[in-house]
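Data block for protein-v6.cif (mmCIF, C-alpha atoms):
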data_data
#
loop_
_atom_site.group_PDB
_atom_site.id
_atom_site.type_symbol
_atom_site.label_atom_id
_atom_site.label_comp_id
_atom_site.auth_asym_id
_atom_site.auth_seq_id
_atom_site.Cartn_x
_atom_site.Cartn_y
_atom_site.Cartn_z
ATOM 1 C CA MET S 4 0.000 0.000 0.000
ATOM 2 C CA ARG S 5 1.363 3.415 -1.002
ATOM 3 C CA PHE S 6 1.244 6.148 1.638
ATOM 4 C CA LEU S 7 3.447 8.775 -0.057
ATOM 5 C CA LEU S 8 1.729 11.586 -1.904
ATOM 6 C CA THR S 9 2.524 12.151 -5.562
ATOM 7 C CA ASP S 10 4.237 15.319 -6.779
ATOM 8 C CA GLU S 11 0.901 16.569 -8.149
ATOM 9 C CA GLN S 12 -0.850 16.031 -4.827
ATOM 10 C CA ARG S 13 1.914 17.806 -2.935
ATOM 11 C CA GLU S 14 1.768 20.727 -5.356
ATOM 12 C CA PHE S 15 -2.011 20.918 -4.910
ATOM 13 C CA GLY S 16 -1.506 21.223 -1.156
ATOM 14 C CA ARG S 17 1.172 23.887 -1.557
ATOM 15 C CA THR S 18 -1.085 25.866 -3.897
ATOM 16 C CA LEU S 19 -3.944 25.832 -1.396
ATOM 17 C CA ASP S 20 -1.563 26.766 1.420
ATOM 18 C CA GLY S 21 -0.264 29.757 -0.536
ATOM 19 C CA MET S 22 -3.768 30.887 -1.490
ATOM 20 C CA LEU S 23 -5.091 30.660 2.069
ATOM 21 C CA THR S 24 -2.004 32.353 3.526
ATOM 22 C CA ALA S 25 -2.597 35.314 1.220
ATOM 23 C CA SER S 26 -6.331 35.440 1.975
ATOM 24 C CA GLY S 27 -6.200 36.758 5.548
ATOM 25 C CA THR S 28 -8.147 33.768 6.849
ATOM 26 C CA PRO S 29 -8.139 34.792 10.568
ATOM 27 C CA ALA S 30 -10.120 37.923 9.693
ATOM 28 C CA ALA S 31 -12.649 35.795 7.805
ATOM 29 C CA VAL S 32 -12.933 33.458 10.805
ATOM 30 C CA ARG S 33 -13.612 36.348 13.177
ATOM 31 C CA ALA S 34 -16.209 37.812 10.807
ATOM 32 C CA TRP S 35 -17.896 34.430 10.464
ATOM 33 C CA ALA S 36 -18.103 34.065 14.240
ATOM 34 C CA ALA S 37 -19.810 37.469 14.390
ATOM 35 C CA GLY S 38 -22.400 36.400 11.794
ATOM 36 C CA ASP S 39 -20.810 38.186 8.820
ATOM 37 C CA HIS S 40 -20.475 35.496 6.147
ATOM 38 C CA LYS S 41 -19.316 37.679 3.269
ATOM 39 C CA PRO S 42 -15.524 37.220 3.699
ATOM 40 C CA GLY S 43 -16.039 33.503 4.305
ATOM 41 C CA ARG S 44 -18.204 33.081 1.205
ATOM 42 C CA GLU S 45 -15.606 34.928 -0.874
ATOM 43 C CA LEU S 46 -13.006 32.486 0.423
ATOM 44 C CA TRP S 47 -15.432 29.646 -0.318
ATOM 45 C CA ALA S 48 -15.647 30.786 -3.956
ATOM 46 C CA ARG S 49 -11.847 30.721 -4.285
ATOM 47 C CA LEU S 50 -11.737 27.217 -2.821
ATOM 48 C CA ALA S 51 -14.381 26.090 -5.303
ATOM 49 C CA GLU S 52 -12.395 27.617 -8.161
ATOM 50 C CA ALA S 53 -9.358 25.649 -6.953
ATOM 51 C CA GLY S 54 -11.464 22.479 -7.225
ATOM 52 C CA VAL S 55 -11.843 21.588 -3.548
ATOM 53 C CA PHE S 56 -15.582 20.849 -3.589
ATOM 54 C CA GLY S 57 -15.395 19.161 -6.967
ATOM 55 C CA LEU S 58 -13.329 16.420 -5.323
ATOM 56 C CA ALA S 59 -16.569 14.920 -3.957
ATOM 57 C CA VAL S 60 -18.763 15.563 -7.029
ATOM 58 C CA PRO S 61 -19.040 13.231 -10.058
ATOM 59 C CA GLU S 62 -17.549 14.352 -13.362
ATOM 60 C CA ALA S 63 -21.009 14.278 -14.937
ATOM 61 C CA HIS S 64 -21.994 17.192 -12.685
ATOM 62 C CA GLY S 65 -18.910 19.353 -13.028
ATOM 63 C CA GLY S 66 -16.695 17.690 -10.453
ATOM 64 C CA MET S 67 -13.695 15.387 -10.639
ATOM 65 C CA GLY S 68 -15.311 12.321 -9.116
ATOM 66 C CA LEU S 69 -14.704 11.179 -5.568
ATOM 67 C CA LEU S 70 -10.942 11.522 -4.995
ATOM 68 C CA PRO S 71 -10.417 10.733 -1.286
ATOM 69 C CA VAL S 72 -6.639 11.253 -1.208
ATOM 70 C CA GLU S 73 -6.868 14.681 -2.863
ATOM 71 C CA LEU S 74 -9.790 15.469 -0.557
ATOM 72 C CA CYS S 75 -7.527 14.746 2.424
ATOM 73 C CA VAL S 76 -4.755 16.922 0.983
ATOM 74 C CA SER S 77 -7.153 19.843 0.664
ATOM 75 C CA PHE S 78 -8.714 19.406 4.118
ATOM 76 C CA VAL S 79 -5.310 19.274 5.782
ATOM 77 C CA GLU S 80 -4.737 22.779 4.402
ATOM 78 C CA LEU S 81 -8.246 23.928 5.374
ATOM 79 C CA GLY S 82 -7.517 22.770 8.909
ATOM 80 C CA ARG S 83 -4.062 24.340 8.899
ATOM 81 C CA HIS S 84 -5.663 27.713 8.157
ATOM 82 C CA ALA S 85 -8.825 27.197 10.292
ATOM 83 C CA VAL S 86 -11.092 28.028 7.344
ATOM 84 C CA PRO S 87 -14.667 28.633 8.597
ATOM 85 C CA GLY S 88 -17.888 27.173 7.272
ATOM 86 C CA PRO S 89 -19.602 23.784 6.834
ATOM 87 C CA LEU S 90 -16.734 22.437 4.724
ATOM 88 C CA VAL S 91 -16.965 18.830 5.852
ATOM 89 C CA GLU S 92 -20.746 18.917 5.745
ATOM 90 C CA THR S 93 -20.771 20.161 2.150
ATOM 91 C CA VAL S 94 -18.497 17.436 0.760
ATOM 92 C CA ALA S 95 -20.390 14.838 2.824
ATOM 93 C CA ALA S 96 -23.685 16.142 1.430
ATOM 94 C CA ALA S 97 -22.273 15.846 -2.099
ATOM 95 C CA ALA S 98 -21.190 12.259 -1.407
ATOM 96 C CA PHE S 99 -24.634 11.499 0.024
ATOM 97 C CA LEU S 100 -26.492 12.918 -2.981
ATOM 98 C CA ASP S 101 -24.207 11.110 -5.402
ATOM 99 C CA ARG S 102 -24.778 7.770 -3.683
ATOM 100 C CA LEU S 103 -28.529 8.363 -3.205
ATOM 101 C CA GLY S 104 -29.336 8.492 -6.904
ATOM 102 C CA ASP S 105 -29.274 10.591 -10.037
ATOM 103 C CA ASP S 106 -32.112 12.881 -11.040
ATOM 104 C CA ALA S 107 -32.354 16.409 -12.407
ATOM 105 C CA ALA S 108 -32.665 18.070 -8.991
ATOM 106 C CA THR S 109 -29.756 16.091 -7.526
ATOM 107 C CA GLY S 110 -27.576 16.842 -10.544
ATOM 108 C CA ASP S 111 -28.278 20.555 -10.253
ATOM 109 C CA ARG S 112 -27.420 20.587 -6.529
ATOM 110 C CA LEU S 113 -24.188 18.708 -7.172
ATOM 111 C CA ALA S 114 -23.188 21.032 -10.002
ATOM 112 C CA ARG S 115 -23.847 24.117 -7.888
ATOM 113 C CA THR S 116 -21.908 22.592 -4.993
ATOM 114 C CA ALA S 117 -18.882 21.903 -7.205
ATOM 115 C CA SER S 118 -18.902 25.457 -8.558
ATOM 116 C CA GLY S 119 -19.260 27.021 -5.120
ATOM 117 C CA GLU S 120 -22.602 28.623 -5.953
ATOM 118 C CA ALA S 121 -24.408 26.615 -3.289
ATOM 119 C CA VAL S 122 -23.470 25.677 0.257
ATOM 120 C CA VAL S 123 -25.408 22.526 1.118
ATOM 121 C CA GLY S 124 -24.996 21.325 4.691
ATOM 122 C CA LEU S 125 -25.651 17.900 6.187
ATOM 123 C CA CYS S 126 -27.157 17.079 9.573
ATOM 124 C CA ALA S 127 -27.226 13.449 10.716
ATOM 125 C CA GLY S 128 -27.252 11.902 14.172
ATOM 126 C CA THR S 129 -27.460 15.249 15.938
ATOM 127 C CA PRO S 130 -30.253 17.791 16.531
ATOM 128 C CA TYR S 131 -28.032 20.681 15.441
ATOM 129 C CA ALA S 132 -26.783 21.636 12.002
ATOM 130 C CA LEU S 133 -23.484 23.440 11.551
ATOM 131 C CA ASP S 134 -23.665 26.926 10.009
ATOM 132 C CA ALA S 135 -27.234 26.487 8.767
ATOM 133 C CA ASP S 136 -27.490 30.282 8.795
ATOM 134 C CA ALA S 137 -24.786 30.435 6.113
ATOM 135 C CA ALA S 138 -25.921 27.441 4.046
ATOM 136 C CA ASP S 139 -28.315 27.674 1.141
ATOM 137 C CA ALA S 140 -29.929 24.419 2.258
ATOM 138 C CA VAL S 141 -29.367 21.594 4.745
ATOM 139 C CA LEU S 142 -29.986 17.879 4.222
ATOM 140 C CA VAL S 143 -31.413 16.422 7.431
ATOM 141 C CA ILE S 144 -31.179 12.635 7.824
ATOM 142 C CA GLN S 145 -33.324 10.921 10.446
ATOM 143 C CA ASP S 146 -33.381 7.114 10.383
ATOM 144 C CA ASP S 147 -34.164 6.239 6.742
ATOM 145 C CA VAL S 148 -35.653 9.601 5.768
ATOM 146 C CA VAL S 149 -33.845 12.622 4.306
ATOM 147 C CA ARG S 150 -35.381 16.087 4.209
ATOM 148 C CA LEU S 151 -34.191 19.264 2.535
ATOM 149 C CA THR S 152 -34.717 22.439 4.552
ATOM 150 C CA THR S 153 -33.795 26.087 4.187
ATOM 151 C CA ARG S 154 -35.148 27.088 7.601
ATOM 152 C CA HIS S 155 -33.485 26.900 11.004
ATOM 153 C CA GLY S 156 -33.895 28.024 14.583
ATOM 154 C CA PRO S 157 -31.790 30.586 16.451
ATOM 155 C CA VAL S 158 -28.025 30.182 16.569
ATOM 156 C CA GLN S 159 -26.792 28.451 19.732
ATOM 157 C CA PRO S 160 -23.484 29.041 21.582
ATOM 158 C CA SER S 161 -20.624 26.729 20.650
ATOM 159 C CA LEU S 162 -17.189 25.848 22.013
ATOM 160 C CA ASP S 163 -15.844 27.393 18.829
ATOM 161 C CA PRO S 164 -17.592 30.712 18.046
ATOM 162 C CA ALA S 165 -16.880 30.158 14.343
ATOM 163 C CA ARG S 166 -18.922 26.919 14.421
ATOM 164 C CA ARG S 167 -22.472 28.281 14.565
ATOM 165 C CA LEU S 168 -25.074 25.692 15.550
ATOM 166 C CA SER S 169 -28.845 25.800 15.068
ATOM 167 C CA ARG S 170 -31.743 23.370 14.837
ATOM 168 C CA PRO S 171 -32.967 22.756 11.277
ATOM 169 C CA LEU S 172 -36.736 23.094 10.901
ATOM 170 C CA ASP S 173 -39.145 20.937 8.916
ATOM 171 C CA GLY S 174 -38.485 20.704 5.204
ATOM 172 C CA THR S 175 -39.354 18.685 2.107
ATOM 173 C CA VAL S 176 -38.882 14.913 2.150
ATOM 174 C CA LEU S 177 -36.502 13.970 -0.671
ATOM 175 C CA ALA S 178 -36.313 10.212 -0.175
ATOM 176 C CA ARG S 179 -36.849 7.425 2.299
ATOM 177 C CA GLY S 180 -35.922 3.773 2.627
ATOM 178 C CA PRO S 181 -32.798 1.580 2.517
ATOM 179 C CA ALA S 182 -31.158 3.754 -0.157
ATOM 180 C CA VAL S 183 -31.081 6.651 2.311
ATOM 181 C CA THR S 184 -29.505 4.461 4.998
ATOM 182 C CA ALA S 185 -26.794 3.227 2.636
ATOM 183 C CA ALA S 186 -26.052 6.720 1.317
ATOM 184 C CA ALA S 187 -25.902 8.082 4.882
ATOM 185 C CA ALA S 188 -23.327 5.445 5.882
ATOM 186 C CA HIS S 189 -21.204 6.417 2.881
ATOM 187 C CA ALA S 190 -21.499 10.126 3.729
ATOM 188 C CA LEU S 191 -20.506 9.435 7.343
ATOM 189 C CA GLY S 192 -17.284 7.832 6.137
ATOM 190 C CA ILE S 193 -16.496 10.833 3.944
ATOM 191 C CA ALA S 194 -17.286 13.226 6.808
ATOM 192 C CA ARG S 195 -15.010 11.347 9.214
ATOM 193 C CA LEU S 196 -12.210 11.210 6.645
ATOM 194 C CA ALA S 197 -12.407 14.937 5.882
ATOM 195 C CA THR S 198 -12.638 15.814 9.593
ATOM 196 C CA ALA S 199 -9.593 13.647 10.347
ATOM 197 C CA ALA S 200 -7.596 15.446 7.657
ATOM 198 C CA GLN S 201 -8.820 18.794 8.976
ATOM 199 C CA CYS S 202 -7.682 17.822 12.481
ATOM 200 C CA LEU S 203 -4.285 16.830 11.129
ATOM 201 C CA GLY S 204 -3.754 20.251 9.539
ATOM 202 C CA LEU S 205 -5.104 22.011 12.631
ATOM 203 C CA GLY S 206 -2.714 20.112 14.887
ATOM 204 C CA ARG S 207 0.250 20.898 12.678
ATOM 205 C CA ALA S 208 -0.597 24.599 12.731
ATOM 206 C CA LEU S 209 -0.872 24.567 16.522
ATOM 207 C CA LEU S 210 2.452 22.756 16.862
ATOM 208 C CA ALA S 211 4.217 25.129 14.459
ATOM 209 C CA GLY S 212 2.862 28.178 16.277
ATOM 210 C CA THR S 213 3.891 26.800 19.656
ATOM 211 C CA VAL S 214 7.404 25.892 18.489
ATOM 212 C CA SER S 215 7.848 29.421 17.158
ATOM 213 C CA TYR S 216 6.651 30.895 20.463
ATOM 214 C CA VAL S 217 8.922 28.826 22.742
ATOM 215 C CA ARG S 218 11.938 29.758 20.635
ATOM 216 C CA HIS S 219 11.409 33.438 21.423
ATOM 217 C CA ARG S 220 9.779 33.427 24.873
ATOM 218 C CA THR S 221 12.544 33.641 27.480
ATOM 219 C CA GLN S 222 12.693 32.750 31.152
ATOM 220 C CA PHE S 223 15.759 32.925 33.395
ATOM 221 C CA GLY S 224 17.559 34.482 30.448
ATOM 222 C CA VAL S 225 17.073 31.563 28.017
ATOM 223 C CA PRO S 226 14.308 30.499 25.550
ATOM 224 C CA ILE S 227 11.773 28.264 27.277
ATOM 225 C CA GLY S 228 12.108 25.902 24.317
ATOM 226 C CA SER S 229 15.491 24.864 25.718
ATOM 227 C CA PHE S 230 13.841 23.344 28.813
ATOM 228 C CA GLN S 231 13.659 19.555 28.704
ATOM 229 C CA ALA S 232 10.064 19.420 29.916
ATOM 230 C CA VAL S 233 8.992 21.716 27.060
ATOM 231 C CA LYS S 234 10.917 19.647 24.511
ATOM 232 C CA HIS S 235 9.248 16.449 25.725
ATOM 233 C CA ARG S 236 5.783 17.989 25.515
ATOM 234 C CA LEU S 237 6.398 19.161 21.957
ATOM 235 C CA ALA S 238 7.904 15.808 20.987
ATOM 236 C CA ASP S 239 4.827 13.963 22.280
ATOM 237 C CA THR S 240 2.607 16.252 20.234
ATOM 238 C CA LEU S 241 4.669 15.691 17.098
ATOM 239 C CA VAL S 242 4.661 11.906 17.545
ATOM 240 C CA ALA S 243 0.858 11.841 17.918
ATOM 241 C CA LEU S 244 0.428 13.824 14.693
ATOM 242 C CA GLU S 245 2.963 11.691 12.818
ATOM 243 C CA PHE S 246 1.225 8.505 13.938
ATOM 244 C CA ALA S 247 -2.168 9.864 12.839
ATOM 245 C CA GLN S 248 -1.032 10.765 9.325
ATOM 246 C CA PRO S 249 -0.649 7.208 7.922
ATOM 247 C CA LEU S 250 -4.034 6.292 9.379
ATOM 248 C CA VAL S 251 -5.610 9.190 7.474
ATOM 249 C CA HIS S 252 -3.861 8.136 4.258
ATOM 250 C CA ALA S 253 -4.854 4.490 4.762
ATOM 251 C CA ALA S 254 -8.483 5.523 5.267
ATOM 252 C CA ALA S 255 -8.404 7.596 2.075
ATOM 253 C CA LEU S 256 -7.070 4.633 0.110
ATOM 254 C CA ALA S 257 -9.707 2.337 1.606
ATOM 255 C CA VAL S 258 -12.488 4.749 0.622
ATOM 256 C CA ALA S 259 -11.018 5.131 -2.872
ATOM 257 C CA ALA S 260 -10.991 1.348 -3.290
ATOM 258 C CA ASN S 261 -14.496 1.034 -1.777
ATOM 259 C CA ALA S 262 -12.981 -1.545 0.560
ATOM 260 C CA PRO S 263 -15.146 -3.344 3.143
ATOM 261 C CA SER S 264 -12.809 -1.996 5.832
ATOM 262 C CA ALA S 265 -13.406 1.649 4.858
ATOM 263 C CA GLY S 266 -15.779 2.340 7.756
ATOM 264 C CA ARG S 267 -13.328 0.967 10.288
ATOM 265 C CA GLU S 268 -10.393 2.787 8.665
ATOM 266 C CA THR S 269 -12.130 6.177 8.646
ATOM 267 C CA ALA S 270 -13.153 5.754 12.290
ATOM 268 C CA ALA S 271 -9.565 4.900 13.255
ATOM 269 C CA ALA S 272 -8.239 7.912 11.364
ATOM 270 C CA LYS S 273 -10.826 10.189 12.945
ATOM 271 C CA VAL S 274 -10.060 9.167 16.533
ATOM 272 C CA ALA S 275 -6.268 9.312 16.049
ATOM 273 C CA ALA S 276 -6.217 12.678 14.287
ATOM 274 C CA GLY S 277 -8.864 14.189 16.558
ATOM 275 C CA GLU S 278 -7.015 13.194 19.728
ATOM 276 C CA ALA S 279 -3.693 14.402 18.264
ATOM 277 C CA ALA S 280 -5.157 17.812 17.382
ATOM 278 C CA TYR S 281 -6.730 18.134 20.821
ATOM 279 C CA ALA S 282 -3.391 17.258 22.457
ATOM 280 C CA ALA S 283 -1.706 19.882 20.260
ATOM 281 C CA ALA S 284 -4.259 22.457 21.462
ATOM 282 C CA ARG S 285 -3.623 21.587 25.112
ATOM 283 C CA THR S 286 0.137 21.838 24.547
ATOM 284 C CA ALA S 287 -0.248 25.197 22.811
ATOM 285 C CA LEU S 288 -2.417 26.540 25.624
ATOM 286 C CA GLN S 289 -0.049 25.414 28.367
ATOM 287 C CA LEU S 290 3.179 26.553 26.720
ATOM 288 C CA HIS S 291 1.699 29.934 25.842
ATOM 289 C CA GLY S 292 0.885 30.430 29.516
ATOM 290 C CA ALA S 293 -2.876 30.609 28.731
ATOM 291 C CA LEU S 294 -2.313 33.555 26.369
ATOM 292 C CA GLY S 295 -3.501 31.336 23.524
ATOM 293 C CA TYR S 296 -7.056 31.367 24.828
ATOM 294 C CA THR S 297 -7.415 35.146 24.628
ATOM 295 C CA ASP S 298 -9.521 36.491 21.762
ATOM 296 C CA GLU S 299 -6.798 38.946 20.777
ATOM 297 C CA LEU S 300 -4.379 36.175 19.771
ATOM 298 C CA ASP S 301 -5.127 34.406 16.484
ATOM 299 C CA LEU S 302 -3.949 31.112 17.965
ATOM 300 C CA SER S 303 -7.171 30.959 19.975
ATOM 301 C CA LEU S 304 -9.068 30.385 16.717
ATOM 302 C CA TRP S 305 -7.223 27.094 16.293
ATOM 303 C CA ILE S 306 -7.274 26.057 19.964
ATOM 304 C CA ARG S 307 -11.036 26.333 20.311
ATOM 305 C CA LYS S 308 -11.660 24.534 17.031
ATOM 306 C CA ALA S 309 -9.651 21.469 18.100
ATOM 307 C CA ARG S 310 -12.055 20.479 20.882
ATOM 308 C CA ALA S 311 -15.101 20.819 18.633
ATOM 309 C CA LEU S 312 -13.571 18.837 15.771
ATOM 310 C CA ARG S 313 -12.529 16.020 18.112
ATOM 311 C CA ASP S 314 -16.204 15.200 18.703
ATOM 312 C CA ALA S 315 -17.606 16.152 15.280
ATOM 313 C CA TRP S 316 -18.941 13.217 13.236
ATOM 314 C CA GLY S 317 -18.223 10.722 15.985
ATOM 315 C CA THR S 318 -16.777 11.138 19.463
ATOM 316 C CA PRO S 319 -13.566 9.255 20.278
ATOM 317 C CA SER S 320 -15.572 6.575 22.116
ATOM 318 C CA GLU S 321 -17.974 6.162 19.176
ATOM 319 C CA CYS S 322 -15.109 5.858 16.697
ATOM 320 C CA ARG S 323 -13.262 3.361 18.898
ATOM 321 C CA ALA S 324 -16.430 1.291 19.141
ATOM 322 C CA ARG S 325 -16.687 1.299 15.342
ATOM 323 C CA VAL S 326 -13.095 0.123 15.007
ATOM 324 C CA LEU S 327 -13.729 -2.750 17.421
ATOM 325 C CA ALA S 328 -17.082 -3.701 15.874
ATOM 326 C CA ASP S 329 -15.579 -5.685 12.967
#
Structure encoded using C-alpha cells:
Amino acid sequence: MRFLLTDEQREFGRTLDGMLTASGTPAAVRAWAAGDHKPGRELWARLAEAGVFGLAVPEAHGGMGLLPVELCVSFVELGRHAVPGPLVETVAAAAFLDRLGDDAATGDRLARTASGEAVVGLCAGTPYALDADAADAVLVIQDDVVRLTTRHGPVQPSLDPARRLSRPLDGTVLARGPAVTAAAAHALGIARLATAAQCLGLGRALLAGTVSYVRHRTQFGVPIGSFQAVKHRLADTLVALEFAQPLVHAAALAVAANAPSAGRETAAAKVAAGEAAYAAARTALQLHGALGYTDELDLSLWIRKARALRDAWGTPSECRARVLAD
C-alpha cells in the first residue's frame, strides 16, 4: 500500500496553502463568528475555483469524481488555516447525494456545490446543524428519511464561536428507505475522513505556532524551548500527529478502493487525528501560559476549534467502538 503523496498532490496542497495564507483567513474566521459570512463566502468561492468541492462531485456534474486522497490533501490545508464554514458537511452532502441516486434536482445541486454557488450542509445523528445560517440548504437525515430544509432556529453558543449551531426546521422529504440508509453510511465515512484530515492540519498549525513561540519566549535568560520538559511535551505532540497521518492516508485509500474496511479505517483515522489535534491544542495553551485562549491572539481560533472537531462526526468513544465492531 502506497502512503506517499505524488508530486501533483503535494503541489495541490502547496497551492492551497499559498492561497489561504494570502487570503487573511483569521479575519474571515472572526467575521464568520460574528455572523458576517461575506468574507467567508468569498473564500469559499476561491476554494471552489481551486477544485476543492469538486473532489466529492461526479464528473457528470462538473466535479472530478470522488478523490479521497486529494480530498484529504485539501482538508489538511483547510484545517491548517482554520477556514470557517460547513466544509466537511458540504463534501459529505455531495457524497450522500451522489450515492442516493441521479435525477435532475440532484444533478443541479451537485453542479452548484462543485462550482461554489451553493453551500449545502448535512445534519445526521445530531439535533443541530453546523452553520445552517450560512448554508443555502441543509440535508437532514433521520433514520431512513432525508429532508431538505432552508429554515433553522436561532443560533446556539458553541465551544468554537466560528462553528455556529442551530436546529434545522421541517423541510421537504426527498427520499426514504434503505437507499437513504446506505447513502448516509457512505457520507458518514467521507465526513469522518475529511474531519480527520482537517484535524491533522489544525494540529500541525498549533504545533508550528507553539514551536515558534517557545523559541522566542525567554525565562531565566534563556528560551523556554530549551527546557527539557517543554521539549518532551512538543515531541509527544509531534509523535501523535505523525502517527495519525498514515491512518488518514490508509483511510483515504480504503475509501477510494471502496474496501469493506473503509468504515473501520475512517473511524480509526478520525479518533487518532482528533485526539492528536486536541493534544496539540492543550500543549499550545499550556506553553503559551494561557495567552492562547485570549480572543486577541489568532492562535485561539485554532485552539477552540480542536475540541469541537474532536467530537464532530463521531466522538472518540464512538469511533473506537466502530473500530472494534468488525
Exercise for review: I need the residue set behind the PyMOL selection byres ((chain S and resi 247) around 9) for this file; please write it as a ChimeraX atom specification.
Suggested key: /S:199,203,242-246,248-252,271-277,279
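Against the coordinates shown, the PyMOL selection byres ((chain S and resi 21-32) around 9) returns Gly16, Arg17, Thr18, Leu19, Asp20, Arg33, Ala34, Trp35, Ala36, Ala37, Asp39, His40, Lys41, Pro42, Gly43, Leu46, Arg49, Leu50, Glu80, Leu81, His84, Ala85, Val86, Pro87, Gly88, Ala165, Asp301 and Leu304 of chain S.
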Review point. Got a sec to resolve the PyMOL selection byres ((chain S and resi 99) around 12) on this structure and send the residues as a PyMOL selection string?
Key: chain S and resi 59-61+69+92-98+100-105+109+112-113+123-127+142-144+149+178+182-194
**Study point:** atom CA of S:Pro130 to atom CA of S:Leu327, distance in Å rounded to a single decimal
**Key:** 26.4 Å
Please report as JSON lines every residue of stretch 48-121 of chain S lying within 7 Å of stretch 254-260 of chain S, along with the nearest atom pair and their distance in Å (one decimal), using only C-alpha atoms.
{"residue": "S:Leu70", "atom": "CA", "partner": "S:Ala259", "partner_atom": "CA", "distance": 6.7}
{"residue": "S:Pro71", "atom": "CA", "partner": "S:Ala255", "partner_atom": "CA", "distance": 5.0}
{"residue": "S:Val72", "atom": "CA", "partner": "S:Ala255", "partner_atom": "CA", "distance": 5.2}
Exercise for review: Find the distance between atom CA of S:Val225 and atom CA of S:Gly212 and write it in Å to one decimal.
Suggested key: 18.7 Å
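Going from atom CA of S:Val122 over to atom CA of S:Ala63, you cover 19.2 Å.
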Around (-3.6, 20.0, 15.4) in the file's own coordinates, what residues are found within 9 Å if you use all atoms listed in the file, given back as a PDB file with C-alpha atoms, keeping the file's coordinate frame?
ATOM      1  CA  GLY S  82      -7.517  22.770   8.909  1.00  0.00           C
ATOM      2  CA  ARG S  83      -4.062  24.340   8.899  1.00  0.00           C
ATOM      3  CA  GLN S 201      -8.820  18.794   8.976  1.00  0.00           C
ATOM      4  CA  CYS S 202      -7.682  17.822  12.481  1.00  0.00           C
ATOM      5  CA  LEU S 203      -4.285  16.830  11.129  1.00  0.00           C
ATOM      6  CA  GLY S 204      -3.754  20.251   9.539  1.00  0.00           C
ATOM      7  CA  LEU S 205      -5.104  22.011  12.631  1.00  0.00           C
ATOM      8  CA  GLY S 206      -2.714  20.112  14.887  1.00  0.00           C
ATOM      9  CA  ARG S 207       0.250  20.898  12.678  1.00  0.00           C
ATOM     10  CA  ALA S 208      -0.597  24.599  12.731  1.00  0.00           C
ATOM     11  CA  LEU S 209      -0.872  24.567  16.522  1.00  0.00           C
ATOM     12  CA  LEU S 210       2.452  22.756  16.862  1.00  0.00           C
ATOM     13  CA  THR S 240       2.607  16.252  20.234  1.00  0.00           C
ATOM     14  CA  LEU S 244       0.428  13.824  14.693  1.00  0.00           C
ATOM     15  CA  ALA S 276      -6.217  12.678  14.287  1.00  0.00           C
ATOM     16  CA  GLY S 277      -8.864  14.189  16.558  1.00  0.00           C
ATOM     17  CA  GLU S 278      -7.015  13.194  19.728  1.00  0.00           C
ATOM     18  CA  ALA S 279      -3.693  14.402  18.264  1.00  0.00           C
ATOM     19  CA  ALA S 280      -5.157  17.812  17.382  1.00  0.00           C
ATOM     20  CA  TYR S 281      -6.730  18.134  20.821  1.00  0.00           C
ATOM     21  CA  ALA S 282      -3.391  17.258  22.457  1.00  0.00           C
ATOM     22  CA  ALA S 283      -1.706  19.882  20.260  1.00  0.00           C
ATOM     23  CA  ALA S 284      -4.259  22.457  21.462  1.00  0.00           C
ATOM     24  CA  TRP S 305      -7.223  27.094  16.293  1.00  0.00           C
ATOM     25  CA  ILE S 306      -7.274  26.057  19.964  1.00  0.00           C
ATOM     26  CA  ALA S 309      -9.651  21.469  18.100  1.00  0.00           C
TER      27      ALA S 309
END
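Minimum atom-to-atom distances from S:Asp147, S:Asp173, S:Glu14, S:Glu45 to S:Val76 were compared using all atoms listed in the file, and the lowest value belongs to S:Glu14.
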Show which residues sit within 12 Å of S:Ser161, as a PDB file with C-alpha atoms, keeping the file's coordinate frame. Count only C-alpha atoms, and ignore same-chain residues fewer than 4 positions away.
ATOM      1  CA  ALA S  36     -18.103  34.065  14.240  1.00  0.00           C
ATOM      2  CA  TYR S 131     -28.032  20.681  15.441  1.00  0.00           C
ATOM      3  CA  ALA S 132     -26.783  21.636  12.002  1.00  0.00           C
ATOM      4  CA  LEU S 133     -23.484  23.440  11.551  1.00  0.00           C
ATOM      5  CA  ASP S 134     -23.665  26.926  10.009  1.00  0.00           C
ATOM      6  CA  ALA S 165     -16.880  30.158  14.343  1.00  0.00           C
ATOM      7  CA  ARG S 166     -18.922  26.919  14.421  1.00  0.00           C
ATOM      8  CA  ARG S 167     -22.472  28.281  14.565  1.00  0.00           C
ATOM      9  CA  LEU S 168     -25.074  25.692  15.550  1.00  0.00           C
ATOM     10  CA  SER S 169     -28.845  25.800  15.068  1.00  0.00           C
ATOM     11  CA  ARG S 307     -11.036  26.333  20.311  1.00  0.00           C
ATOM     12  CA  LYS S 308     -11.660  24.534  17.031  1.00  0.00           C
ATOM     13  CA  ARG S 310     -12.055  20.479  20.882  1.00  0.00           C
ATOM     14  CA  ALA S 311     -15.101  20.819  18.633  1.00  0.00           C
ATOM     15  CA  LEU S 312     -13.571  18.837  15.771  1.00  0.00           C
TER      16      LEU S 312
END
Practice item. Determine the nearest neighbour of S:Glu73 from the options S:Asp314, S:Asp329, S:Asp136, S:Glu11, counting all atoms listed in the file. Key: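 Ranking S:Asp314, S:Asp329, S:Asp136, S:Glu11 by distance to S:Glu73, first place goes to S:Glu11.
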Check your understanding: Hey, which of S:Val79, S:Thr116, S:Arg150, S:Thr9 ends up closest to S:Ala48? Count all atoms listed in the file.
Key -> S:Thr116
